[in-house]
Structure formats: structure tokens, C-alpha cells
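Visitor: My structure is stored as final-v3.pdb, with PDB, C-alpha atoms, pLDDT in the B column.
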ATOM      1  CA  MET A1241      -6.628 -43.408 -69.545  1.00 47.00           C
ATOM      2  CA  LYS A1242      -8.245 -42.929 -66.133  1.00 46.00           C
ATOM      3  CA  PHE A1243      -5.957 -39.916 -65.568  1.00 39.00           C
ATOM      4  CA  LEU A1244      -7.004 -38.445 -68.934  1.00 37.00           C
ATOM      5  CA  LYS A1245     -10.701 -38.839 -68.060  1.00 41.00           C
ATOM      6  CA  GLN A1246     -10.178 -37.168 -64.666  1.00 40.00           C
ATOM      7  CA  THR A1247      -8.158 -34.367 -66.247  1.00 35.00           C
ATOM      8  CA  SER A1248     -10.824 -33.866 -68.897  1.00 37.00           C
ATOM      9  CA  LEU A1249     -13.520 -33.806 -66.221  1.00 34.00           C
ATOM     10  CA  VAL A1250     -11.580 -31.229 -64.173  1.00 35.00           C
ATOM     11  CA  ALA A1251     -11.018 -29.129 -67.308  1.00 35.00           C
ATOM     12  CA  VAL A1252     -14.733 -29.250 -68.137  1.00 34.00           C
ATOM     13  CA  LEU A1253     -15.637 -28.260 -64.543  1.00 32.00           C
ATOM     14  CA  ILE A1254     -13.139 -25.374 -64.560  1.00 34.00           C
ATOM     15  CA  ALA A1255     -14.443 -24.190 -67.935  1.00 36.00           C
ATOM     16  CA  ALA A1256     -18.027 -24.419 -66.677  1.00 35.00           C
ATOM     17  CA  ALA A1257     -17.146 -22.535 -63.503  1.00 34.00           C
ATOM     18  CA  PHE A1258     -15.357 -19.869 -65.535  1.00 35.00           C
ATOM     19  CA  ALA A1259     -18.260 -19.501 -67.960  1.00 38.00           C
ATOM     20  CA  THR A1260     -20.751 -19.341 -65.112  1.00 38.00           C
ATOM     21  CA  SER A1261     -18.751 -16.732 -63.224  1.00 42.00           C
ATOM     22  CA  CYS A1262     -18.405 -14.628 -66.369  1.00 44.00           C
ATOM     23  CA  SER A1263     -22.100 -14.773 -67.116  1.00 44.00           C
ATOM     24  CA  ASN A1264     -22.916 -13.933 -63.491  1.00 47.00           C
ATOM     25  CA  ASP A1265     -20.839 -10.761 -63.794  1.00 48.00           C
ATOM     26  CA  ASP A1266     -22.936  -9.765 -66.794  1.00 52.00           C
ATOM     27  CA  ASP A1267     -26.155 -10.467 -64.849  1.00 56.00           C
ATOM     28  CA  ASN A1268     -25.131  -8.148 -61.990  1.00 63.00           C
ATOM     29  CA  SER A1269     -25.859  -5.053 -64.061  1.00 73.00           C
ATOM     30  CA  THR A1270     -28.818  -3.030 -62.880  1.00 77.00           C
ATOM     31  CA  PRO A1271     -31.732  -3.279 -65.296  1.00 81.00           C
ATOM     32  CA  ALA A1272     -32.566   0.028 -66.935  1.00 90.00           C
ATOM     33  CA  LYS A1273     -35.566   1.802 -65.469  1.00 93.00           C
ATOM     34  CA  PRO A1274     -38.378   2.133 -68.017  1.00 97.00           C
ATOM     35  CA  SER A1275     -38.841   5.638 -69.398  1.00 97.00           C
ATOM     36  CA  ILE A1276     -41.536   7.914 -68.012  1.00 97.00           C
ATOM     37  CA  TYR A1277     -43.385   7.491 -71.306  1.00 97.00           C
ATOM     38  CA  ALA A1278     -43.322   3.696 -70.921  1.00 97.00           C
ATOM     39  CA  ARG A1279     -44.546   3.954 -67.313  1.00 97.00           C
ATOM     40  CA  LEU A1280     -47.459   6.113 -68.515  1.00 97.00           C
ATOM     41  CA  GLY A1281     -48.542   3.335 -70.872  1.00 97.00           C
ATOM     42  CA  GLY A1282     -45.920   3.563 -73.600  1.00 97.00           C
ATOM     43  CA  THR A1283     -46.700   2.454 -77.115  1.00 97.00           C
ATOM     44  CA  THR A1284     -49.685   0.290 -76.233  1.00 97.00           C
ATOM     45  CA  MET A1285     -52.443   1.335 -78.634  1.00 97.00           C
ATOM     46  CA  VAL A1286     -55.802   2.282 -77.097  1.00 98.00           C
ATOM     47  CA  SER A1287     -58.994   3.923 -78.356  1.00 98.00           C
ATOM     48  CA  ASP A1288     -58.733   7.701 -78.446  1.00 98.00           C
ATOM     49  CA  PRO A1289     -61.621   9.048 -76.356  1.00 97.00           C
ATOM     50  CA  ASP A1290     -61.449  12.420 -78.146  1.00 95.00           C
ATOM     51  CA  ASN A1291     -61.420  10.953 -81.661  1.00 95.00           C
ATOM     52  CA  PRO A1292     -63.875   8.046 -82.009  1.00 96.00           C
ATOM     53  CA  GLY A1293     -62.622   5.270 -84.259  1.00 97.00           C
ATOM     54  CA  GLN A1294     -58.975   6.293 -83.897  1.00 97.00           C
ATOM     55  CA  MET A1295     -56.209   4.723 -81.853  1.00 97.00           C
ATOM     56  CA  ILE A1296     -53.523   6.481 -79.796  1.00 97.00           C
ATOM     57  CA  GLU A1297     -50.473   5.377 -77.840  1.00 97.00           C
ATOM     58  CA  GLN A1298     -51.363   5.102 -74.147  1.00 98.00           C
ATOM     59  CA  GLY A1299     -48.291   7.151 -73.153  1.00 97.00           C
ATOM     60  CA  ARG A1300     -49.301   9.984 -75.479  1.00 97.00           C
ATOM     61  CA  LEU A1301     -52.897   9.843 -74.282  1.00 98.00           C
ATOM     62  CA  SER A1302     -51.692  10.039 -70.672  1.00 98.00           C
ATOM     63  CA  TYR A1303     -49.668  13.161 -71.464  1.00 97.00           C
ATOM     64  CA  ARG A1304     -52.526  14.740 -73.417  1.00 97.00           C
ATOM     65  CA  LYS A1305     -54.852  14.196 -70.454  1.00 98.00           C
ATOM     66  CA  VAL A1306     -52.359  15.833 -68.078  1.00 97.00           C
ATOM     67  CA  VAL A1307     -51.811  18.754 -70.472  1.00 97.00           C
ATOM     68  CA  ASN A1308     -55.575  19.285 -70.897  1.00 97.00           C
ATOM     69  CA  SER A1309     -56.110  19.110 -67.141  1.00 97.00           C
ATOM     70  CA  THR A1310     -53.251  21.567 -66.577  1.00 97.00           C
ATOM     71  CA  VAL A1311     -54.820  24.019 -69.035  1.00 96.00           C
ATOM     72  CA  GLY A1312     -58.145  23.599 -67.217  1.00 95.00           C
ATOM     73  CA  LEU A1313     -56.556  24.363 -63.830  1.00 96.00           C
ATOM     74  CA  ILE A1314     -54.791  27.433 -65.212  1.00 96.00           C
ATOM     75  CA  VAL A1315     -58.007  28.751 -66.758  1.00 95.00           C
ATOM     76  CA  ALA A1316     -59.995  28.065 -63.570  1.00 95.00           C
ATOM     77  CA  ASP A1317     -57.485  30.051 -61.497  1.00 95.00           C
ATOM     78  CA  ILE A1318     -57.547  32.908 -64.008  1.00 96.00           C
ATOM     79  CA  GLN A1319     -61.340  33.005 -64.005  1.00 94.00           C
ATOM     80  CA  ALA A1320     -61.422  32.901 -60.208  1.00 95.00           C
ATOM     81  CA  GLY A1321     -58.817  35.662 -60.004  1.00 94.00           C
ATOM     82  CA  ALA A1322     -56.574  33.470 -57.838  1.00 93.00           C
ATOM     83  CA  SER A1323     -53.453  35.077 -56.458  1.00 91.00           C
ATOM     84  CA  GLY A1324     -50.468  34.542 -58.742  1.00 92.00           C
ATOM     85  CA  ASN A1325     -52.532  33.047 -61.562  1.00 95.00           C
ATOM     86  CA  LEU A1326     -50.850  32.828 -64.943  1.00 96.00           C
ATOM     87  CA  GLY A1327     -53.382  34.918 -66.869  1.00 95.00           C
ATOM     88  CA  ALA A1328     -50.800  37.427 -68.069  1.00 96.00           C
ATOM     89  CA  HIS A1329     -48.682  34.625 -69.550  1.00 94.00           C
ATOM     90  CA  PHE A1330     -51.496  33.181 -71.622  1.00 93.00           C
ATOM     91  CA  ALA A1331     -53.369  36.425 -72.365  1.00 94.00           C
ATOM     92  CA  PRO A1332     -52.898  36.240 -76.166  1.00 95.00           C
ATOM     93  CA  VAL A1333     -54.232  32.673 -76.391  1.00 94.00           C
ATOM     94  CA  LEU A1334     -57.052  33.351 -73.924  1.00 93.00           C
ATOM     95  CA  ALA A1335     -58.111  36.429 -75.904  1.00 95.00           C
ATOM     96  CA  GLU A1336     -58.316  34.312 -79.058  1.00 95.00           C
ATOM     97  CA  VAL A1337     -60.345  31.630 -77.279  1.00 95.00           C
ATOM     98  CA  GLY A1338     -62.666  34.312 -75.897  1.00 94.00           C
ATOM     99  CA  ALA A1339     -63.228  35.480 -79.479  1.00 97.00           C
ATOM    100  CA  GLY A1340     -64.101  31.925 -80.539  1.00 97.00           C
ATOM    101  CA  ASN A1341     -60.756  30.981 -82.117  1.00 96.00           C
ATOM    102  CA  THR A1342     -59.309  27.847 -80.476  1.00 95.00           C
ATOM    103  CA  THR A1343     -56.656  27.147 -83.133  1.00 94.00           C
ATOM    104  CA  ASN A1344     -53.640  28.378 -81.167  1.00 91.00           C
ATOM    105  CA  LEU A1345     -54.882  26.708 -77.969  1.00 94.00           C
ATOM    106  CA  ALA A1346     -55.053  23.395 -79.846  1.00 94.00           C
ATOM    107  CA  ILE A1347     -51.531  24.004 -81.206  1.00 92.00           C
ATOM    108  CA  LEU A1348     -50.271  24.774 -77.693  1.00 92.00           C
ATOM    109  CA  VAL A1349     -51.811  21.583 -76.263  1.00 94.00           C
ATOM    110  CA  ASP A1350     -50.427  19.498 -79.132  1.00 94.00           C
ATOM    111  CA  ASN A1351     -46.953  21.062 -78.820  1.00 93.00           C
ATOM    112  CA  LEU A1352     -46.853  20.392 -75.069  1.00 95.00           C
ATOM    113  CA  THR A1353     -48.004  16.810 -75.593  1.00 96.00           C
ATOM    114  CA  ASP A1354     -45.372  16.314 -78.323  1.00 96.00           C
ATOM    115  CA  PHE A1355     -42.632  17.907 -76.225  1.00 95.00           C
ATOM    116  CA  PHE A1356     -43.216  15.839 -73.105  1.00 95.00           C
ATOM    117  CA  SER A1357     -43.883  12.616 -75.019  1.00 96.00           C
ATOM    118  CA  PHE A1358     -40.734  12.945 -77.120  1.00 95.00           C
ATOM    119  CA  ASN A1359     -38.469  14.013 -74.269  1.00 94.00           C
ATOM    120  CA  THR A1360     -39.531  11.263 -71.865  1.00 96.00           C
ATOM    121  CA  GLY A1361     -39.239   8.234 -74.131  1.00 96.00           C
ATOM    122  CA  GLY A1362     -41.924   8.454 -76.826  1.00 96.00           C
ATOM    123  CA  THR A1363     -39.796   7.567 -79.829  1.00 92.00           C
ATOM    124  CA  ASN A1364     -42.453   6.999 -82.497  1.00 91.00           C
ATOM    125  CA  PRO A1365     -42.829   9.718 -85.156  1.00 92.00           C
ATOM    126  CA  VAL A1366     -46.204  10.800 -83.731  1.00 91.00           C
ATOM    127  CA  ASN A1367     -44.298  12.218 -80.743  1.00 92.00           C
ATOM    128  CA  THR A1368     -41.933  14.453 -82.701  1.00 93.00           C
ATOM    129  CA  TYR A1369     -41.616  17.958 -81.272  1.00 94.00           C
ATOM    130  CA  ASN A1370     -41.095  20.645 -83.926  1.00 90.00           C
ATOM    131  CA  GLY A1371     -41.859  23.711 -81.836  1.00 90.00           C
ATOM    132  CA  LEU A1372     -39.612  26.480 -80.628  1.00 93.00           C
ATOM    133  CA  ASN A1373     -36.742  25.851 -78.232  1.00 95.00           C
ATOM    134  CA  MET A1374     -37.630  26.523 -74.587  1.00 96.00           C
ATOM    135  CA  VAL A1375     -36.027  29.974 -74.451  1.00 97.00           C
ATOM    136  CA  ASP A1376     -37.821  31.250 -77.559  1.00 97.00           C
ATOM    137  CA  ALA A1377     -41.102  29.507 -76.686  1.00 95.00           C
ATOM    138  CA  HIS A1378     -41.298  31.403 -73.391  1.00 96.00           C
ATOM    139  CA  ASN A1379     -40.164  34.786 -74.648  1.00 97.00           C
ATOM    140  CA  PRO A1380     -42.973  37.098 -75.846  1.00 97.00           C
ATOM    141  CA  ALA A1381     -40.538  38.726 -78.288  1.00 97.00           C
ATOM    142  CA  THR A1382     -40.158  35.451 -80.209  1.00 97.00           C
ATOM    143  CA  ASN A1383     -43.501  33.766 -79.424  1.00 94.00           C
ATOM    144  CA  PRO A1384     -46.652  35.862 -79.874  1.00 92.00           C
ATOM    145  CA  ARG A1385     -48.673  33.307 -77.848  1.00 89.00           C
ATOM    146  CA  MET A1386     -46.793  34.296 -74.668  1.00 94.00           C
ATOM    147  CA  GLY A1387     -47.908  37.388 -72.819  1.00 96.00           C
ATOM    148  CA  VAL A1388     -45.022  37.994 -70.390  1.00 97.00           C
ATOM    149  CA  LYS A1389     -41.753  36.373 -69.293  1.00 97.00           C
ATOM    150  CA  SER A1390     -41.809  33.958 -66.345  1.00 97.00           C
ATOM    151  CA  THR A1391     -40.423  34.361 -62.855  1.00 97.00           C
ATOM    152  CA  ASN A1392     -39.496  31.527 -60.495  1.00 97.00           C
ATOM    153  CA  ALA A1393     -42.791  32.090 -58.661  1.00 96.00           C
ATOM    154  CA  ASN A1394     -44.700  31.754 -61.955  1.00 96.00           C
ATOM    155  CA  TYR A1395     -42.870  28.550 -62.734  1.00 97.00           C
ATOM    156  CA  ASP A1396     -43.544  27.184 -59.243  1.00 97.00           C
ATOM    157  CA  LYS A1397     -47.231  27.826 -59.867  1.00 97.00           C
ATOM    158  CA  PHE A1398     -47.044  26.032 -63.233  1.00 97.00           C
ATOM    159  CA  VAL A1399     -45.276  23.011 -61.696  1.00 97.00           C
ATOM    160  CA  GLY A1400     -48.043  22.931 -59.086  1.00 96.00           C
ATOM    161  CA  TYR A1401     -50.694  22.899 -61.829  1.00 97.00           C
ATOM    162  CA  VAL A1402     -48.955  20.040 -63.622  1.00 97.00           C
ATOM    163  CA  GLY A1403     -48.597  18.107 -60.367  1.00 96.00           C
ATOM    164  CA  ALA A1404     -52.285  18.530 -59.570  1.00 97.00           C
ATOM    165  CA  ALA A1405     -53.206  17.541 -63.132  1.00 97.00           C
ATOM    166  CA  ALA A1406     -51.011  14.433 -62.936  1.00 97.00           C
ATOM    167  CA  GLN A1407     -52.747  13.441 -59.700  1.00 97.00           C
ATOM    168  CA  GLN A1408     -56.169  14.003 -61.288  1.00 97.00           C
ATOM    169  CA  ASN A1409     -55.094  11.562 -63.997  1.00 97.00           C
ATOM    170  CA  GLY A1410     -53.901   8.763 -61.732  1.00 96.00           C
ATOM    171  CA  VAL A1411     -50.281   9.607 -60.913  1.00 97.00           C
ATOM    172  CA  ALA A1412     -50.097   9.592 -57.108  1.00 96.00           C
ATOM    173  CA  ALA A1413     -47.874  12.257 -55.539  1.00 96.00           C
ATOM    174  CA  ASN A1414     -45.952   9.786 -53.395  1.00 94.00           C
ATOM    175  CA  THR A1415     -44.639   7.697 -56.298  1.00 97.00           C
ATOM    176  CA  GLU A1416     -41.343   7.516 -58.162  1.00 97.00           C
ATOM    177  CA  LEU A1417     -43.207   8.309 -61.386  1.00 97.00           C
ATOM    178  CA  TYR A1418     -44.528  11.587 -59.949  1.00 97.00           C
ATOM    179  CA  THR A1419     -41.055  12.509 -58.673  1.00 97.00           C
ATOM    180  CA  ASP A1420     -39.554  11.764 -62.087  1.00 97.00           C
ATOM    181  CA  ILE A1421     -42.140  13.955 -63.828  1.00 96.00           C
ATOM    182  CA  VAL A1422     -41.366  16.836 -61.456  1.00 96.00           C
ATOM    183  CA  ALA A1423     -37.635  16.311 -62.123  1.00 96.00           C
ATOM    184  CA  VAL A1424     -38.266  16.767 -65.864  1.00 96.00           C
ATOM    185  CA  LEU A1425     -40.128  20.007 -65.142  1.00 97.00           C
ATOM    186  CA  GLU A1426     -37.303  21.226 -62.895  1.00 97.00           C
ATOM    187  CA  SER A1427     -34.758  20.477 -65.629  1.00 96.00           C
ATOM    188  CA  LEU A1428     -36.621  23.023 -67.781  1.00 97.00           C
ATOM    189  CA  ARG A1429     -36.670  25.829 -65.194  1.00 98.00           C
ATOM    190  CA  ALA A1430     -33.511  27.627 -66.375  1.00 97.00           C
ATOM    191  CA  PRO A1431     -34.534  28.187 -70.010  1.00 97.00           C
ATOM    192  CA  ILE A1432     -38.158  29.009 -69.130  1.00 97.00           C
ATOM    193  CA  VAL A1433     -37.630  31.430 -66.220  1.00 98.00           C
ATOM    194  CA  GLN A1434     -36.384  34.594 -67.901  1.00 97.00           C
ATOM    195  CA  GLN A1435     -36.885  37.332 -65.330  1.00 94.00           C
TER     196      GLN A1435
END
How would this structure read if it were set down as C-alpha cells?

Guide:
Amino acid sequence: MKFLKQTSLVAVLIAAAFATSCSNDDDNSTPAKPSIYARLGGTTMVSDPDNPGQMIEQGRLSYRKVVNSTVGLIVADIQAGASGNLGAHFAPVLAEVGAGNTTNLAILVDNLTDFFSFNTGGTNPVNTYNGLNMVDAHNPATNPRMGVKSTNANYDKFVGYVGAAAQQNGVAANTELYTDIVAVLESLRAPIVQQ
């Protein structure tokens, strides 16, 4: 009987050790890094500063702020006549805005917000992108809101605008989040740069 108790105890200890070692193997996996969208606030609902009484996902609001700031930086450079500004690219939209029609500018801002939200982890239906693919969106022959095709230098300038806008909205340049945002932009270079 004593032998049976000792054998049972050893069997229980071996089983426990085996179960523990198996579960430890499962725990050694690297936890998944949260999406960019999640790191920008994700699906947490906050008051929409542009639409009183309405709520918006914090991740979407973060992107909208960066997009609006980027548009502001582009326009400021165009107005100042800065070297290499992107005025020729956005000439059709800017002409409409100058004539008092902001409809296509609002569509552009919304499309950019949708695109970046959807493609960086915003999975709720509000973040669905239904615009043109990147090649067609940046080709004046298929998108009347584009003035000219982009070069690498143009795209470098755009990435710089987005980086500055991200910093203006609280994403420090020396962070992993900033680097990940730039990596997303770089992944889009090939279809956007067409000359």
C-alpha cells in the first residue's frame, strides 16, 4: 500500500511537471504588438471636437487630426511658395477650395482618414475605405483631384509633412510608433510614385 501511495505521488508529480512544462512552452510566445490604430487610442470612444454631441473612436480622431495637420502644412508651403511644394499635385482641389467649394477637400480628408485607419488596425465599419486603389488614386488620368504624377522627391516631401503633422499631434519622432507610421508610408511608395 505504501508503495502504491509513493508511486501515485510520483505519477502526480511527473504529470504536474509535464503539464507545467507544456504550459510554459505556450507562455514563451511573444505577445503581439498592438496595432498602430490601437496605439493611437483605438476604439475608445471620445467626444468629437469637430462635431459637438457626437462621439468618435480615439484612433480615428488621431488620424483625422494628423490628416488635417498634413493638409495645413501642404497648403502653408504652397502659399509660401516653398521649394518643392506639392501645389501642382493638389491644384484641382485647391482651385475648388479657392472658389468656395470644399466638398472634394472634405472627401479627400475623409478618404485618407479611412484609408489609414482601416489599414493600421481600425476594424470597425466606420473605418472602411472605399476609395480608389493607390495607383489610380495618384494618377491624374483616373483621379481628377490629382494634378500631376508623383516623383520620389514629391513623396519624400509628403512623408515629411505627415511626420511633422504626427509630431504636432503628440507622436514624438524618436518613438516606435512614429517609426511604424513612417514604415506604413514607405510601404505605399511604389504604387504612389509613378514618374

Visitor: Tell me, as a list in words, which residues lie within 9 Å of stretch 1340-1351 of chain A, counting only C-alpha atoms; anything in the same chain fewer than 3 positions away does not count.

Guide: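 Everything that qualifies: Arg1304, Val1307, Asn1308, Val1311, Val1333, Leu1334, Ala1335, Glu1336, Val1337, Asp1354, Phe1355, Phe1356, Tyr1369, Asn1370, Gly1371 and Arg1385 of chain A.
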
Visitor: Can you measure atom CA of A:Arg1279 to atom CA of A:His1378 for me? One decimal in Å is fine.

Guide: 28.3 Å

Visitor: Quick one: residues within 6 Å of (-38.0, 33.9, -71.7) (file frame), counting all atoms listed in the file, please, as a PyMOL selection string.

Guide: chain A and resi 1375+1378-1379+1389+1432+1434

Visitor: Got a sec to resolve the PyMOL selection byres ((chain A and resi 1398-1409) around 12) on this structure and send the residues as an MDAnalysis selection string?

Guide: chainID A and resid 1280 1301:1317 1324:1327 1329:1330 1352 1356 1390:1397 1410:1415 1417:1429 1432:1433

Visitor: I'd like the interatomic distance between atom CA of A:Thr1284 and atom CA of A:Met1374, to a tenth of an Å.

Guide: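 Atom CA of A:Met1374 lies 28.9 Å from atom CA of A:Thr1284.
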
Visitor: Return the single residue from A:Pro1292, A:Gly1387, A:Pro1431, A:Pro1274 that is closest to A:Ala1331, with distances computed using all atoms listed in the file.

Guide: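 Among the listed residues, A:Gly1387 lies closest to A:Ala1331.
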
Visitor: Can you work out the spacing between atom CA of A:Thr1270 and atom CA of A:Gly1282 in Å, to one decimal?

Guide: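 Atom-to-atom, atom CA of A:Thr1270 to atom CA of A:Gly1282, that is 21.2 Å.
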
Visitor: Could you list, as a ChimeraX atom specification, every residue matched by the PyMOL selection byres ((chain A and resi 1367) around 8) in this structure?

Guide: /A:1300,1353-1355,1357-1358,1362-1366,1368-1369

Visitor: Enclose the full set of atoms of stretch 1283-1300 of chain A listed in the file within a box whose edges lie along x, y and z, apply 4 Å of padding to each of the six sides, and report centre and edge lengths in Å to one decimal as lines of an AutoDock Vina configuration file.

Guide:
center_x = -55.3
center_y = 6.4
center_z = -78.7
size_x = 25.2
size_y = 20.1
size_z = 19.1
